[in-house]
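Please read the structure below before turning to the comments.
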Amino acid sequence: MKRKLFLVFIIYLTVNLGMAQDADTIIAWTFPDTAITTYSWEGLESNHGKYQVIAFNADETVERDIDLKNGATTLAAQASGWENGANDKCWYIKFKAENYENMNLSVKITSGGNKPGPAHFYMQYKIGSSGTWTDISNSDITVANDWTTGVLNNFNLPSELDNPSNAIHIRFIMKDNFDEDGNEVQSTGISKIDDIFITGKLNSSTGFFNPESSKNICYPNPSNGRIKFDVNKDIHSISVYNLIGTLMYKNNNITNNQVYLSNLKKGFYIIQAKDNDSKAFTEKIYIK
């Protein structure tokens with residue numbers, strides 16, 4: 001009886017290995033020293049070079065100038081002109097996360113020294129350009145003239161954002177008109193934002209092809225360790241799990257649609273792969 005239950009458990013994990021995968025970086029803005037714009041080139045390739053950090057007002061008609069200045073580690077986006085901005089002026093980001101769920105957000109916001117900007121922000125989201133801006137609960141951020149006060153680490157985004165069919169918009173909007181000293185923010189007041197990360201997990205029920213209903217794309221199978229992918233688009237990353245869901249191998253820089261797994265021991269494995277459009281599949285392979 002115990003043996004049968006154990007086998008059922010193995011089959012369950014094999015089908016649902018999306019639960020065991022590490023969270024992927026969907027998009028990030030870290031503003032390296034070489035950055036010359038606020039566009040993101042980190043995370044899913046489908047987001048590369050498409051989305052930037054913007055200093056907006058609430059109706060997204062006034063975009064203020066952004067400079068790249070000293071940040072938490074490298075550079076950061078910096079803007080002024082925050083006067084009279086309560087519930088109006090904001091930092092704004094946008095990205096796509098099709099088939100992703102359980103998303104988290106990390107961010108650092110600071111206020112500029114002798115030219116203090118707003119001290120209090122909160123977050124809102126909408127899905128798609130025509131969506132409705134909605135407050136995110138418990139998202140208040142209080143900032144100071146440092147990179148440790150105004151910090152969110154792996155903040156859980158609302159489940160309403162799971163598996164979005166349209167782009168996600170998020171803004172960090174001024175809560176009031178005061179700086180960290182309790183004075184009204186002036187037009188010269190500075191705010192900086194840095195190290196913005198959106199992470200999430202690919203939904204195994206929507207993000208993977210079912211190998212029972214799709215052609216096999218890993219070959220040869222069984223294999224001596226060299227696996228090729230029979231797909232129309234380039235594969236850019238893979239994760240390989242054993243049958244109890246332990247990550248055994250990961251490579252985010254696949255070339256020529258092939259990978260070498262000769263270091264893995266003989267046995268069955270689950271391979272999950274993503275192409276350059278972040279479409280993904282899962283397939284069971286045998287290493288001999």
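Residues in the structure tokens are numbered from 1 in each chain, the chains being A, B, ... in the order shown, and ligands are numbered from 1 in the order shown.
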
Subject >> Residue contacts of stretch 221-226 of chain A (7 Å, only C-alpha atoms) excluding same-chain residues fewer than 2 positions away, as a PyMOL selection string >> reply: chain A and resi 218-219+228+259-262+285-288

Using only C-alpha atoms, tabulate the residues of stretch 34-109 of chain A lying at most 10 Å from any atom of stretch 272-276 of chain A, each with its closest atom pair and that distance in Å to one decimal, by chain and increasing residue number, as JSON lines.
```
{"residue": "A:Leu44", "atom": "CA", "partner": "A:Asn276", "partner_atom": "CA", "distance": 8.2}
{"residue": "A:Glu45", "atom": "CA", "partner": "A:Asn276", "partner_atom": "CA", "distance": 6.3}
{"residue": "A:Ser46", "atom": "CA", "partner": "A:Asn276", "partner_atom": "CA", "distance": 6.9}
```

Would you mind exporting N, CA and C atoms of the selected residues as a PDB file, in the first residue's frame?
```pdb
ATOM      1  N   LEU A  44      12.866  38.378 -18.860  1.00  0.00           N
ATOM      2  CA  LEU A  44      12.434  37.670 -20.050  1.00  0.00           C
ATOM      3  C   LEU A  44      12.821  38.450 -21.299  1.00  0.00           C
ATOM      4  N   GLU A  45      13.343  37.742 -22.282  1.00  0.00           N
ATOM      5  CA  GLU A  45      13.765  38.408 -23.506  1.00  0.00           C
ATOM      6  C   GLU A  45      12.617  39.116 -24.203  1.00  0.00           C
ATOM      7  N   SER A  46      11.409  38.602 -24.028  1.00  0.00           N
ATOM      8  CA  SER A  46      10.250  39.229 -24.656  1.00  0.00           C
ATOM      9  C   SER A  46       9.968  40.622 -24.096  1.00  0.00           C
TER      10      SER A  46
END
```

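You can rank A:Tyr241, A:Tyr249, A:Phe197, A:Trp91 by their closest distance to A:Met103 using only C-alpha atoms, and at the top of that list sits A:Phe197.
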
**OP:** Find the residue from A:Ala119, A:Leu68, A:Ala35, A:Leu105 that sits nearest to A:Leu152; use only C-alpha atoms when measuring.
**Re:** A:Leu105

Counting only C-alpha atoms, which residues of stretch 155-269 of chain A fall within 7 Å of stretch 121-129 of chain A, and what is the closest atom pair for each with its distance in Å at one decimal, ordered by chain and rising number, as a tab-separated table?
```
residue	atom	partner	partner_atom	distance
A:Asn166	CA	A:Gly128	CA	5.0
A:Ala167	CA	A:Gly128	CA	5.2
A:Ile168	CA	A:Ile127	CA	4.8
A:His169	CA	A:Lys126	CA	5.3
A:Ile170	CA	A:Tyr125	CA	4.5
A:Arg171	CA	A:Gln124	CA	5.5
A:Phe172	CA	A:Met123	CA	4.7
A:Ile173	CA	A:Phe121	CA	5.2
A:Met174	CA	A:Phe121	CA	4.5
A:Lys175	CA	A:Phe121	CA	5.0
```

Write the selection just made, keeping C-alpha atoms, as a PDB file, in the first residue's frame?
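Ended up saving to result-v7.pdb:
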```pdb
ATOM      1  CA  ASN A 166      -2.372  42.017 -21.349  1.00  0.00           C
ATOM      2  CA  ALA A 167       0.529  44.090 -20.059  1.00  0.00           C
ATOM      3  CA  ILE A 168       0.690  44.863 -16.336  1.00  0.00           C
ATOM      4  CA  HIS A 169       1.053  48.514 -15.309  1.00  0.00           C
ATOM      5  CA  ILE A 170       2.307  49.418 -11.821  1.00  0.00           C
ATOM      6  CA  ARG A 171       2.866  52.843 -10.346  1.00  0.00           C
ATOM      7  CA  PHE A 172       4.398  54.111  -7.120  1.00  0.00           C
ATOM      8  CA  ILE A 173       2.251  57.153  -6.459  1.00  0.00           C
ATOM      9  CA  MET A 174       2.733  59.996  -3.963  1.00  0.00           C
ATOM     10  CA  LYS A 175       0.550  59.560  -0.898  1.00  0.00           C
TER      11      LYS A 175
END
```

**OP:** Mind the document's chain letters and residue numbers, and return as a VMD selection string the residues of stretch 88-204 of chain A that DSSP labels strand (DSSP E).
**Re:** chain A and resid 90 to 95 100 to 111 120 to 127 134 to 135 141 to 142 151 to 156 168 to 174 191 to 202

**OP:** List every residue of stretch 2-143 of chain A that DSSP, applied to the backbone of this structure, places in alpha helix (DSSP H), and write the result as a ChimeraX atom specification.
**Re:** /A:2-15

Please list as a PDB file with C-alpha atoms, in the first residue's frame every residue within 12 Å of A:Ile217, counting only C-alpha atoms and excluding residues in the same chain fewer than 6 positions away.
```pdb
ATOM      1  CA  PHE A 209       2.647  21.856 -23.597  1.00  0.00           C
ATOM      2  CA  ASN A 210       1.350  18.484 -22.530  1.00  0.00           C
ATOM      3  CA  PRO A 211       3.826  15.871 -23.765  1.00  0.00           C
ATOM      4  CA  ILE A 227      19.864  16.676 -26.056  1.00  0.00           C
ATOM      5  CA  LYS A 228      18.663  18.570 -29.135  1.00  0.00           C
ATOM      6  CA  PHE A 229      15.389  20.464 -29.375  1.00  0.00           C
ATOM      7  CA  ASP A 230      13.164  20.060 -32.427  1.00  0.00           C
ATOM      8  CA  VAL A 231      11.369  23.416 -32.326  1.00  0.00           C
ATOM      9  CA  ASN A 232      10.773  26.281 -34.721  1.00  0.00           C
ATOM     10  CA  LYS A 233      12.275  28.947 -32.459  1.00  0.00           C
ATOM     11  CA  ILE A 235      15.503  27.680 -26.974  1.00  0.00           C
ATOM     12  CA  ASN A 257      19.156  24.420 -29.586  1.00  0.00           C
ATOM     13  CA  GLN A 258      21.132  21.747 -27.785  1.00  0.00           C
ATOM     14  CA  ILE A 271      13.173  18.893 -18.693  1.00  0.00           C
ATOM     15  CA  GLN A 272      11.495  22.293 -18.871  1.00  0.00           C
ATOM     16  CA  ALA A 273      12.556  24.715 -21.606  1.00  0.00           C
ATOM     17  CA  ALA A 280       7.613  26.791 -22.649  1.00  0.00           C
ATOM     18  CA  PHE A 281       7.233  23.039 -22.673  1.00  0.00           C
ATOM     19  CA  THR A 282       7.962  20.107 -20.427  1.00  0.00           C
ATOM     20  CA  GLU A 283       9.073  16.613 -21.435  1.00  0.00           C
ATOM     21  CA  LYS A 284      10.245  13.463 -19.704  1.00  0.00           C
ATOM     22  CA  ILE A 285      13.675  12.227 -20.807  1.00  0.00           C
TER      23      ILE A 285
END
```

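Take atom CA of A:Gln52 and atom CA of A:Ile36: the distance between them is 11.7 Å.
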
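For the set A:Val107, A:Ala86, A:Val143, A:Ile190, the residue with the smallest atom-to-atom gap to A:Phe155 is A:Val107, counting only C-alpha atoms.
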
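Nearest-residue note for A:Ile27: choosing from A:Ala58, A:Ile196, A:Ala77, A:Val240, the minimum distance belongs to A:Ile196, counting only C-alpha atoms.
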